[in-house]
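File shown: data-v5.csv. Contents: CSV, C-alpha atoms.
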chain,number,residue,atom,x,y,z
A,1,MET,CA,2.1,31.9,-2.4
A,2,LYS,CA,3.3,30.0,0.6
A,3,GLN,CA,1.1,30.1,3.7
A,4,PRO,CA,2.3,29.7,7.3
A,5,LEU,CA,-0.1,26.9,8.2
A,6,ARG,CA,0.9,23.9,10.2
A,7,SER,CA,-1.2,20.7,10.4
A,8,VAL,CA,-1.5,17.6,12.5
A,9,HIS,CA,-2.7,14.4,10.9
A,10,PHE,CA,-4.7,11.7,12.6
A,11,TYR,CA,-4.1,8.8,10.2
A,12,LYS,CA,-3.3,5.1,10.7
A,13,ARG,CA,-1.4,4.8,14.0
A,14,ALA,CA,-2.4,8.3,15.1
A,15,LEU,CA,-6.1,7.4,14.4
A,16,MET,CA,-5.7,4.2,16.4
A,17,ALA,CA,-4.2,6.2,19.3
A,18,GLY,CA,-7.6,8.0,19.7
A,19,CYS,CA,-10.5,6.5,21.6
A,20,ALA,CA,-12.8,4.6,19.3
A,21,GLN,CA,-16.2,3.5,20.6
A,22,GLY,CA,-18.4,1.6,18.2
A,23,PHE,CA,-15.7,1.6,15.6
A,24,ALA,CA,-13.5,-1.4,14.6
A,25,PRO,CA,-10.2,-1.1,12.7
A,26,ASP,CA,-9.3,-3.0,9.5
A,27,GLU,CA,-6.0,-4.1,8.1
A,28,GLN,CA,-5.4,-0.7,6.6
A,29,LEU,CA,-5.8,1.0,10.0
A,30,ALA,CA,-9.1,2.7,9.1
A,31,LEU,CA,-12.1,2.6,11.3
A,32,HIS,CA,-15.5,1.1,10.4
A,33,LEU,CA,-18.8,1.2,12.3
A,34,SER,CA,-19.1,-2.1,14.1
A,35,GLY,CA,-22.8,-1.9,15.2
A,36,PRO,CA,-26.2,-0.4,14.2
A,37,GLU,CA,-26.1,2.0,17.2
A,38,GLY,CA,-23.3,4.1,15.7
A,39,GLY,CA,-19.8,5.0,16.9
A,40,ALA,CA,-17.7,7.8,18.2
A,41,TRP,CA,-14.0,8.7,18.0
A,42,PHE,CA,-12.3,11.1,20.5
A,43,ALA,CA,-8.8,12.7,20.5
A,44,ALA,CA,-6.9,15.6,22.1
A,45,PHE,CA,-4.0,17.6,20.9
A,46,ASP,CA,-1.8,20.2,22.7
A,47,THR,CA,-0.6,22.9,20.4
A,48,GLY,CA,1.7,24.3,23.1
A,49,ASP,CA,0.5,27.9,22.3
A,50,GLU,CA,-1.5,29.6,25.0
A,51,GLU,CA,-3.1,31.9,22.4
A,52,GLY,CA,-3.4,29.2,19.7
A,53,THR,CA,-5.9,29.7,16.9
A,54,TYR,CA,-7.2,27.2,14.4
A,55,ASN,CA,-8.0,27.3,10.7
A,56,ARG,CA,-9.7,24.2,9.5
A,57,LEU,CA,-10.6,20.6,10.2
A,58,VAL,CA,-10.9,18.0,7.4
A,59,VAL,CA,-12.5,14.6,8.0
A,60,ASP,CA,-11.5,11.9,5.5
A,61,GLY,CA,-14.0,9.1,5.2
A,62,ASP,CA,-17.1,7.6,3.6
A,63,PHE,CA,-20.3,8.3,5.5
A,64,ALA,CA,-23.0,7.6,2.9
A,65,GLY,CA,-26.2,6.6,4.7
A,66,ALA,CA,-25.1,7.8,8.1
A,67,LYS,CA,-25.5,11.0,10.1
A,68,LEU,CA,-22.1,12.5,10.7
A,69,GLU,CA,-21.5,14.9,13.6
A,70,VAL,CA,-18.1,16.5,14.0
A,71,LEU,CA,-17.2,18.7,17.0
A,72,ALA,CA,-14.0,20.6,17.8
A,73,ALA,CA,-13.7,22.1,21.3
A,74,VAL,CA,-10.9,24.2,22.8
A,75,SER,CA,-9.6,24.9,26.3
A,76,PRO,CA,-6.7,26.9,27.7
A,77,ALA,CA,-5.7,23.9,29.8
A,78,ASP,CA,-6.2,20.1,30.0
A,79,ALA,CA,-8.9,20.4,32.7
A,80,ALA,CA,-11.8,18.1,33.3
A,81,PRO,CA,-14.2,17.0,36.1
A,82,GLY,CA,-12.3,15.0,38.7
A,83,ARG,CA,-8.5,14.7,39.1
A,84,GLU,CA,-7.5,13.5,35.7
A,85,GLY,CA,-7.2,15.7,32.6
A,86,LEU,CA,-9.8,15.9,30.0
A,87,SER,CA,-7.5,14.2,27.4
A,88,ALA,CA,-7.1,11.2,29.7
A,89,TRP,CA,-10.9,11.1,30.5
A,90,LEU,CA,-11.7,11.1,26.7
A,91,ALA,CA,-9.4,8.2,26.3
A,92,SER,CA,-11.2,6.2,29.0
A,93,GLY,CA,-14.2,3.9,28.7
A,94,ALA,CA,-16.6,6.5,29.9
A,95,PRO,CA,-19.9,6.6,27.9
A,96,ALA,CA,-19.6,8.5,24.6
A,97,ALA,CA,-22.6,10.6,25.3
A,98,GLU,CA,-21.1,11.9,28.5
A,99,LYS,CA,-17.9,12.8,26.7
A,100,LEU,CA,-19.8,14.7,24.0
A,101,ALA,CA,-21.7,16.6,26.6
A,102,ALA,CA,-18.5,17.6,28.3
A,103,LEU,CA,-17.0,18.9,25.1
A,104,THR,CA,-20.1,20.9,24.2
A,105,ALA,CA,-19.7,22.8,27.5
A,106,LEU,CA,-16.4,24.2,26.1
A,107,PRO,CA,-16.1,26.8,23.3
A,108,HIS,CA,-16.6,24.7,20.2
A,109,VAL,CA,-17.6,24.4,16.6
A,110,ARG,CA,-20.1,21.8,15.6
A,111,ALA,CA,-20.9,20.6,12.1
A,112,VAL,CA,-23.5,18.0,10.9
A,113,ASN,CA,-22.9,16.0,7.6
A,114,ARG,CA,-19.9,18.2,6.7
A,115,GLN,CA,-16.3,17.0,6.4
A,116,ASP,CA,-14.6,20.3,5.8
A,117,ILE,CA,-15.1,22.7,8.8
A,118,LEU,CA,-13.8,26.2,9.4
A,119,LEU,CA,-12.4,26.8,12.9
A,120,HIS,CA,-11.6,30.5,12.8
A,121,SER,CA,-13.8,31.2,15.9
A,122,LEU,CA,-11.7,28.9,18.2
A,123,GLN,CA,-8.8,30.0,20.4
A,124,GLY,CA,-7.0,28.0,23.1
A,125,ARG,CA,-4.0,25.8,23.7
A,126,TRP,CA,-5.8,22.4,23.8
A,127,VAL,CA,-8.1,21.2,21.1
A,128,PHE,CA,-10.5,18.2,21.6
A,129,LEU,CA,-12.0,16.4,18.6
A,130,CYS,CA,-15.1,14.2,18.3
A,131,VAL,CA,-16.4,12.4,15.3
A,132,TRP,CA,-19.8,10.8,15.8
A,133,ALA,CA,-21.5,8.7,13.1
A,134,VAL,CA,-25.0,7.1,13.3
A,135,PRO,CA,-26.5,4.9,10.6
A,136,GLN,CA,-29.7,6.2,9.1
A,137,GLN,CA,-30.8,3.1,7.2
A,138,ALA,CA,-32.5,-0.1,8.2
A,139,PRO,CA,-30.3,-3.0,9.4
A,140,GLY,CA,-29.1,-5.1,6.5
A,141,ARG,CA,-29.3,-2.2,4.1
A,142,GLN,CA,-26.7,0.0,5.7
A,143,LYS,CA,-23.9,1.2,3.5
A,144,PRO,CA,-20.3,0.9,4.7
A,145,CYS,CA,-19.2,3.8,7.0
A,146,THR,CA,-15.5,4.4,7.2
A,147,LEU,CA,-13.3,6.9,9.0
A,148,ARG,CA,-9.9,7.0,7.4
A,149,GLY,CA,-8.4,10.0,9.3
A,150,LEU,CA,-8.5,13.7,10.0
A,151,ARG,CA,-6.3,16.8,9.3
A,152,LEU,CA,-6.3,19.7,11.7
A,153,GLU,CA,-4.8,23.0,10.4
A,154,PHE,CA,-3.6,25.8,12.6
A,155,PRO,CA,-3.1,28.8,13.3
A,156,ARG,CA,-6.0,30.8,11.8
A,157,TYR,CA,-5.2,32.0,8.3
A,158,SER,CA,-7.4,33.9,5.9
A,159,PHE,CA,-6.9,35.4,2.4
A,160,THR,CA,-8.8,38.5,3.5
A,161,ARG,CA,-5.4,39.9,4.8
A,162,TYR,CA,-4.6,40.6,1.1
A,163,PHE,CA,-7.8,42.7,0.8
A,164,PRO,CA,-8.4,46.3,2.0
A,165,GLU,CA,-9.1,46.6,5.7
A,166,ILE,CA,-12.8,47.2,5.3
A,167,TYR,CA,-13.2,43.6,3.9
A,168,GLN,CA,-11.1,42.1,6.7
A,169,GLN,CA,-13.8,43.0,9.3
A,170,ASP,CA,-16.6,41.4,7.4
A,171,ASP,CA,-17.3,37.9,8.8
A,172,PHE,CA,-19.5,36.8,5.8
A,173,PHE,CA,-16.7,37.8,3.4
A,174,ARG,CA,-14.1,35.9,5.4
A,175,ARG,CA,-16.2,32.8,5.3
A,176,TYR,CA,-16.9,33.3,1.6
A,177,ILE,CA,-13.3,33.6,0.7
A,178,ALA,CA,-12.5,30.6,2.9
A,179,VAL,CA,-14.1,28.4,0.2
A,180,PHE,CA,-11.7,29.4,-2.4
A,181,GLN,CA,-8.9,29.5,0.1
A,182,SER,CA,-9.4,25.8,0.9
A,183,LEU,CA,-9.4,24.9,-2.8
A,184,TYR,CA,-6.2,26.8,-3.3
A,185,LEU,CA,-4.4,25.5,-0.3
A,186,ASP,CA,-5.3,21.9,-1.0
A,187,LEU,CA,-4.0,22.2,-4.6
A,188,GLU,CA,-0.8,23.8,-3.2
A,189,LYS,CA,-0.3,20.8,-0.9
A,190,GLN,CA,-0.7,18.4,-3.8
A,191,VAL,CA,2.0,20.4,-5.7
A,192,ASP,CA,4.3,20.3,-2.7
A,193,ARG,CA,3.9,16.5,-2.6
A,194,VAL,CA,5.1,16.0,-6.2
A,195,PRO,CA,8.8,16.0,-5.3
A,196,ARG,CA,8.2,13.3,-2.7
A,197,MET,CA,6.1,11.3,-5.3
A,198,LEU,CA,9.0,11.4,-7.7
A,199,ASP,CA,11.5,10.2,-5.0
A,200,TYR,CA,11.2,6.4,-5.4
A,201,GLU,CA,13.3,5.9,-2.2
A,202,SER,CA,10.8,7.6,0.1
A,203,ALA,CA,7.5,7.2,-1.8
A,204,ASP,CA,4.8,4.9,-0.3
A,205,GLU,CA,3.6,1.7,-2.0
A,206,GLU,CA,0.7,3.4,-3.9
A,207,GLY,CA,3.1,6.2,-5.0
A,208,LEU,CA,5.6,3.7,-6.2
A,209,GLU,CA,3.1,1.9,-8.4
A,210,GLU,CA,2.0,5.2,-9.9
A,211,LEU,CA,5.6,6.3,-10.5
A,212,ALA,CA,6.4,2.9,-12.1
A,213,SER,CA,3.4,3.4,-14.5
A,214,TRP,CA,4.8,6.9,-15.4
A,215,LEU,CA,8.1,5.3,-16.3
A,216,GLY,CA,6.4,2.6,-18.4
A,217,ILE,CA,7.4,-0.2,-16.0
A,218,ASP,CA,5.1,-3.2,-16.0
A,219,THR,CA,4.3,-4.0,-12.4
A,220,ALA,CA,2.9,-7.4,-13.5
A,221,GLY,CA,-0.4,-6.9,-11.8
A,222,GLY,CA,0.9,-6.4,-8.3
A,223,LEU,CA,3.5,-9.1,-8.5
A,224,PHE,CA,6.3,-6.9,-7.2
A,225,GLY,CA,6.5,-5.5,-3.6
A,226,PRO,CA,7.8,-2.0,-2.6
A,227,ASP,CA,11.4,-3.0,-2.4
A,228,GLN,CA,11.2,-4.8,-5.8
A,229,LEU,CA,9.5,-1.8,-7.4
A,230,ARG,CA,12.4,0.4,-6.1
A,231,GLU,CA,14.9,-2.0,-7.7
A,232,LEU,CA,13.0,-1.8,-11.0
A,233,ILE,CA,12.9,2.0,-10.9
A,234,ARG,CA,16.5,2.3,-9.8
A,235,ASN,CA,17.8,0.1,-12.6
A,236,SER,CA,15.2,1.0,-15.2
A,237,ARG,CA,18.0,1.3,-17.8
A,238,LEU,CA,18.4,-2.5,-17.5
A,239,TYR,CA,14.8,-3.6,-16.9
A,240,GLN,CA,13.2,-1.2,-19.4
A,241,GLY,CA,16.0,-0.3,-21.8
A,242,GLY,CA,17.1,-4.0,-21.9
A,243,LYS,CA,13.7,-5.5,-22.5
A,244,GLY,CA,14.0,-8.4,-24.9
A,245,THR,CA,17.6,-9.2,-23.9
A,246,ARG,CA,18.9,-12.2,-22.0
A,247,ALA,CA,20.4,-10.0,-19.2
A,248,ALA,CA,17.1,-8.2,-18.5
A,249,LEU,CA,15.1,-11.5,-18.5
A,250,GLU,CA,17.5,-13.2,-16.1
A,251,SER,CA,17.5,-10.2,-13.7
A,252,VAL,CA,13.7,-9.8,-13.6
A,253,VAL,CA,13.0,-13.5,-13.1
A,254,GLU,CA,15.6,-13.5,-10.2
A,255,LEU,CA,14.0,-10.4,-8.8
A,256,ALA,CA,10.5,-12.0,-8.8
A,257,CYS,CA,11.3,-15.5,-7.5
A,258,GLY,CA,14.7,-15.2,-5.8
A,259,VAL,CA,16.4,-17.8,-8.1
A,260,ARG,CA,18.8,-17.0,-10.9
A,261,PRO,CA,17.5,-18.7,-14.1
A,262,ARG,CA,19.5,-20.5,-16.7
A,263,ILE,CA,18.5,-19.7,-20.2
A,264,VAL,CA,19.2,-22.0,-23.1
A,265,GLU,CA,18.7,-20.6,-26.6
A,266,HIS,CA,18.5,-22.6,-29.8
A,267,PHE,CA,21.9,-21.5,-31.2
A,268,GLN,CA,23.7,-22.7,-28.1
A,269,TRP,CA,23.1,-26.4,-28.9
A,270,SER,CA,21.8,-26.6,-32.5
A,271,SER,CA,25.3,-26.2,-34.1
A,272,LEU,CA,26.9,-28.9,-32.0
A,273,PRO,CA,27.6,-32.3,-33.6
A,274,MET,CA,25.3,-34.9,-32.2
A,275,PRO,CA,23.3,-38.0,-33.2
A,276,ALA,CA,19.9,-37.5,-34.7
A,277,ALA,CA,18.2,-39.1,-31.6
A,278,ILE,CA,19.9,-36.7,-29.2
A,279,ARG,CA,19.1,-33.7,-31.5
A,280,ARG,CA,15.4,-34.7,-31.4
A,281,LEU,CA,15.6,-35.0,-27.6
A,282,TYR,CA,17.3,-31.6,-27.2
A,283,GLY,CA,14.5,-30.2,-29.4
A,284,ARG,CA,11.9,-31.5,-27.1
A,285,LEU,CA,13.8,-30.1,-24.1
A,286,TYR,CA,14.9,-26.7,-25.2
A,287,GLY,CA,12.8,-26.0,-28.3
A,288,ASP,CA,13.2,-27.2,-31.8
A,289,ASP,CA,13.3,-23.8,-33.7
A,290,ALA,CA,15.2,-20.6,-33.5
A,291,GLY,CA,12.3,-18.7,-32.0
A,292,THR,CA,12.0,-20.8,-28.9
A,293,PHE,CA,14.2,-20.7,-25.8
A,294,CYS,CA,14.2,-22.5,-22.5
A,295,VAL,CA,14.1,-20.9,-19.0
A,296,ILE,CA,15.4,-23.3,-16.3
A,297,LEU,CA,15.0,-22.7,-12.6
A,298,ASP,CA,17.1,-24.9,-10.3
A,299,LEU,CA,15.0,-25.4,-7.2
A,300,THR,CA,16.9,-28.4,-5.8
A,301,ALA,CA,18.4,-26.1,-3.1
A,302,HIS,CA,15.3,-23.9,-2.7
A,303,ALA,CA,13.3,-24.7,0.4
A,304,GLY,CA,9.5,-24.1,0.2
A,305,PRO,CA,7.4,-22.8,-2.6
A,306,LEU,CA,8.2,-19.9,-4.9
A,307,PRO,CA,6.8,-16.5,-4.0
A,308,VAL,CA,5.1,-16.5,-7.5
A,309,SER,CA,2.9,-19.0,-9.3
A,310,GLU,CA,3.9,-20.6,-12.6
A,311,ALA,CA,1.2,-18.7,-14.4
A,312,GLN,CA,2.5,-15.3,-13.0
A,313,LEU,CA,6.1,-16.3,-14.0
A,314,ASP,CA,5.0,-17.2,-17.5
A,315,ARG,CA,3.3,-13.8,-17.9
A,316,LEU,CA,6.4,-12.0,-16.6
A,317,ILE,CA,8.7,-13.9,-19.0
A,318,ASP,CA,6.3,-13.0,-21.9
A,319,ALA,CA,6.5,-9.3,-20.9
A,320,TYR,CA,10.3,-9.4,-21.2
A,321,THR,CA,10.6,-11.6,-24.3
A,322,MET,CA,11.3,-10.1,-27.7
A,323,LEU,CA,8.3,-10.0,-30.1
A,324,GLY,CA,7.7,-13.3,-31.8
A,325,ALA,CA,9.8,-15.5,-29.5
A,326,ARG,CA,8.3,-18.3,-27.4
A,327,HIS,CA,9.6,-19.8,-24.2
A,328,LYS,CA,9.5,-23.1,-22.2
A,329,LEU,CA,9.7,-22.9,-18.4
A,330,VAL,CA,11.3,-25.9,-16.6
A,331,PHE,CA,11.6,-26.4,-12.9
A,332,LEU,CA,14.3,-28.7,-11.5
A,333,ARG,CA,13.2,-30.3,-8.3
A,334,ALA,CA,14.8,-32.9,-6.1
A,335,CYS,CA,11.8,-35.2,-6.4
A,336,SER,CA,11.8,-35.5,-10.2
A,337,TYR,CA,12.9,-38.6,-12.1
A,338,THR,CA,15.9,-38.2,-14.4
A,339,ASP,CA,14.9,-40.3,-17.3
A,340,SER,CA,17.7,-40.3,-20.0
A,341,HIS,CA,18.8,-36.7,-19.8
A,342,CYS,CA,20.0,-34.0,-17.5
A,343,TYR,CA,19.8,-30.2,-17.6
A,344,LEU,CA,23.2,-28.5,-17.8
A,345,GLY,CA,24.8,-31.0,-15.5
A,346,VAL,CA,22.1,-30.8,-12.8
A,347,ASN,CA,20.5,-34.2,-12.3
A,348,SER,CA,17.4,-34.8,-10.2
A,349,ARG,CA,17.7,-37.9,-8.0
A,350,LEU,CA,15.6,-41.0,-8.6
A,351,SER,CA,14.0,-40.9,-5.1
A,352,THR,CA,14.9,-40.6,-1.5
A,353,PRO,CA,18.0,-42.8,-1.0
A,354,GLU,CA,17.2,-46.1,0.8
A,355,MET,CA,19.1,-49.3,1.6
A,356,ALA,CA,18.6,-52.0,-1.0
A,357,ALA,CA,20.3,-55.3,-2.0
A,358,VAL,CA,21.4,-56.1,-5.5
A,359,ASP,CA,18.9,-59.0,-5.9
A,360,GLY,CA,16.4,-57.6,-8.3
A,361,VAL,CA,14.7,-55.1,-6.0
A,362,THR,CA,12.8,-52.4,-7.8
A,363,LEU,CA,11.7,-49.0,-6.4
A,364,GLY,CA,9.0,-47.1,-8.2
A,365,GLY,CA,9.2,-49.4,-11.3
A,366,TYR,CA,12.9,-48.7,-11.9
A,367,PHE,CA,15.7,-51.2,-11.2
A,368,THR,CA,18.0,-50.1,-8.5
A,369,VAL,CA,21.7,-50.9,-8.6
A,370,GLY,CA,23.5,-50.5,-5.2

Could I get this structure in the form of structure tokens?
Amino acid sequence: MKQPLRSVHFYKRALMAGCAQGFAPDEQLALHLSGPEGGAWFAAFDTGDEEGTYNRLVVDGDFAGAKLEVLAAVSPADAAPGREGLSAWLASGAPAAEKLAALTALPHVRAVNRQDILLHSLQGRWVFLCVWAVPQQAPGRQKPCTLRGLRLEFPRYSFTRYFPEIYQQDDFFRRYIAVFQSLYLDLEKQVDRVPRMLDYESADEEGLEELASWLGIDTAGGLFGPDQLRELIRNSRLYQGGKGTRAALESVVELACGVRPRIVEHFQWSSLPMPAAIRRLYGRLYGDDAGTFCVILDLTAHAGPLPVSEAQLDRLIDAYTMLGARHKLVFLRACSYTDSHCYLGVNSRLSTPEMAAVDGVTLGGYFTVG
């Protein structure tokens, strides 16, 4: 059953566009009470319909330990005392108590300590909203009070239209049915959002993480950002179907840190003819048994630190390693000493080049020639 309801959402940027007094925003663009006196939030919305009706107002937030007062008022025009409109006056720095008094002079619906409010009695083009929260606990013992957003539904819509006419005239029956109507319509909205949740290109960050978990993709404890998660989902055939393979490991390490790794496996060097001393050296470098491999990251041309820590990278490599295999992680940096070996032709320099004479000068304990 599809219903003709429309809705306007006051979340994040839209919530910030309202006038908040006594509330302070956080990084997630939600509002928190900033003082013991309480806070108020005001907003106005023009439906563009001179005979506009309203269905429901839902306040999203946590108000434990606080008195919550929600008021929705309507007017056929944006009129207010003075020359400016009521919407502009509500957005000004006028005292919150004066604003609330002006709204109560209009046709309105008021609710205390309720976050789901029926607005069937209101009619008018403009709607003005007020959310007022006052802490009810002693200072120092107050619980967090958060306003995350609001949802306004319009026009008026009731399931009583599907009942015989005698029931449609009963106000109590209409309000009674509105309880089940709200449950049904909220569930319908969740069902409507499922296709968007399954669309990884348009899903938000929270939806991406949930979708990745449905697909069995290891998000490495929040290691991957939204764009990286989309890449993991887009190429899940490689990252999931290829787990335990060299190609998948190289790709996921490059995705995490931005550097393509070089992987050396035991069979690549163990069958080569070489002196016993070199074989022992290679065993220390790359692993001395068939169950060990070496992951090498060349950071000599990489400016700045990696976006992931070594511990996170180790856990990621373990997640993409075949059962029973072990790995060694090696970073090539320009400040490392070379000793008597090099990795795949990439040497680290002894130190920053400086001028020196061939007369027995030593730098860092090593003899320098040239």

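One finds CA of Val264 (chain A) at 6.7 Å from CA of Tyr286 (chain A).
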
Quick one: residues within 12 Å of Met16 (chain A), only C-alpha atoms, excluding same-chain residues fewer than 2 positions away - as a short mmCIF file (atom, residue, chain, number, x, y, z; two decimals) with C-alpha atoms, keeping the file's coordinate frame?
data_model
loop_
_atom_site.label_atom_id
_atom_site.label_comp_id
_atom_site.auth_asym_id
_atom_site.auth_seq_id
_atom_site.Cartn_x
_atom_site.Cartn_y
_atom_site.Cartn_z
CA HIS A 9 -2.70 14.40 10.90
CA PHE A 10 -4.70 11.70 12.60
CA TYR A 11 -4.10 8.80 10.20
CA LYS A 12 -3.30 5.10 10.70
CA ARG A 13 -1.40 4.80 14.00
CA ALA A 14 -2.40 8.30 15.10
CA GLY A 18 -7.60 8.00 19.70
CA CYS A 19 -10.50 6.50 21.60
CA ALA A 20 -12.80 4.60 19.30
CA GLN A 21 -16.20 3.50 20.60
CA PHE A 23 -15.70 1.60 15.60
CA ALA A 24 -13.50 -1.40 14.60
CA PRO A 25 -10.20 -1.10 12.70
CA ASP A 26 -9.30 -3.00 9.50
CA GLU A 27 -6.00 -4.10 8.10
CA GLN A 28 -5.40 -0.70 6.60
CA LEU A 29 -5.80 1.00 10.00
CA ALA A 30 -9.10 2.70 9.10
CA LEU A 31 -12.10 2.60 11.30
CA HIS A 32 -15.50 1.10 10.40
CA TRP A 41 -14.00 8.70 18.00
CA PHE A 42 -12.30 11.10 20.50
CA ALA A 43 -8.80 12.70 20.50
CA ALA A 91 -9.40 8.20 26.30
CA LEU A 147 -13.30 6.90 9.00
CA ARG A 148 -9.90 7.00 7.40
CA GLY A 149 -8.40 10.00 9.30
CA LEU A 150 -8.50 13.70 10.00
#

message: To one decimal place in Å, what is the distance between CA of Val131 (chain A) and CA of Glu69 (chain A)?
response: 5.9 Å

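Note that CA of Ala290 (chain A) and CA of Ala325 (chain A) are 8.4 Å apart.
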
query: Contacts of Asp49 (chain A) at 9 Å or less, counting only C-alpha atoms, minus same-chain residues fewer than 4 places along, as a ChimeraX atom specification?
result: /A:53,124-126

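A cut-off of 9 Å from the point (-8.1, 23.6, 28.3), with all atoms listed in the file, picks out the residues Val74, Ser75, Pro76, Ala77, Asp78, Ala79, Ala80, Leu86, Leu106, Gly124, Arg125, Trp126, Val127 and Phe128 of chain A.
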
message: Which residues are near region 151-155 of chain A? Cut-off 6 Å, only C-alpha atoms, ignore same chain within fewer than 2 positions. Put them as an NGL selection string.
response: :A and (5-9 or 53-58)
